[in-house]
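Report on the structure given below.
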Amino acid sequence: MTEVIGIDLGGTAIKLGRFTEDGTCIQSLTVPTPQPAYPDETIDMMAYAIEKLAPGLANINAIGVGTPGPADAAGRVAKIAINLEGWIDIPVATLIQSRTGVPTIVGNDANCAGLGEKWLGAGRNYRNAVLLTLGTGVGGAVFLNGALFTGHAGSAGELGLIAFDPDGHPCNSGNNGSLEQFLSGQAIRRMTGKEPKDLGVLAAAGDRDALEFWNNYGRNLGIGLTSIV
């Protein structure tokens, strides 16, 4: 049976899955992203996790890696990942392929998520769609007339970096007050000193401060989505 491995590289966790050709997930695995997430250590962790997920890589025909930032048009190089330390022009596909012997391709993580939703998920019945990924950072994918929009150099659709408040907190992109600085996991930690999951538990228990935070968070998310639409 032909299988592929999909990898989602995040600032906090690396998530892997083994899939059949029809998109069925056979097995999944999550490992922590090294901190700081320097390229060498992170590639080592990814290679370790691949072997743990599929020992010997039997039946694995391809590996796809989503990274939090733009990739080159050939799907070989992660051009930059602003929330990962030292990630500029890293040949992720070549490094993973040399370690595993399996054909590997790299793409922007939000675009990968968007393609999944367009194929089998919430976007499958729509020709025009927008997806936001809310994690350590904020990413985006845009579909126009049924096709993923990536722009001239493959870097279009970085929706988390649109300006939300030009006088706001500095962003690793060089912008100030980007949408990411209001909606990302790292922004939540900065603003509250708490983990998002802990704020969720507090809100579910009726904590007034947590409920107020999530109310404001939802309002900011709604404003950002309205601007994008």
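As shown in the structure tokens, the chain order sets the letters A, B, ...; within each chain, residues go from 1, and ligands are also counted from 1 in the order they appear.
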Inset, instruction - If you run DSSP over the backbone, which residues in segment 50-214 of chain A end up helix (DSSP H, G or I)? Put them as a count of residues only. - result: 59
Inset, instruction - Skip segment 165-176 of chain A itself and residues of its chain fewer than 4 positions away, then list as a VMD selection string all residues within 8 Å of it, counting only C-alpha atoms. - result: chain A and resid 82 to 83 161 180 to 181
Inset, instruction - Show which residues sit within 10 Å of Leu199 of chain A, as a list in words. Count only C-alpha atoms, and ignore same-chain residues fewer than 5 positions away. - result: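 Close residues of Leu199 of chain A: Ile188, Arg189, Thr192, Gly193, Lys194, Ala204, Ala205, Asp207, Asp209, Ala210, Leu211, Phe213 and Trp214 of chain A.
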Legend entry - Exercise: Leu57 of chain A partners within 10 Å, only C-alpha atoms, chain neighbours under 2 positions left out, as a PyMOL selection string: chain A and resi 3-5+50-55+59-62+100-102
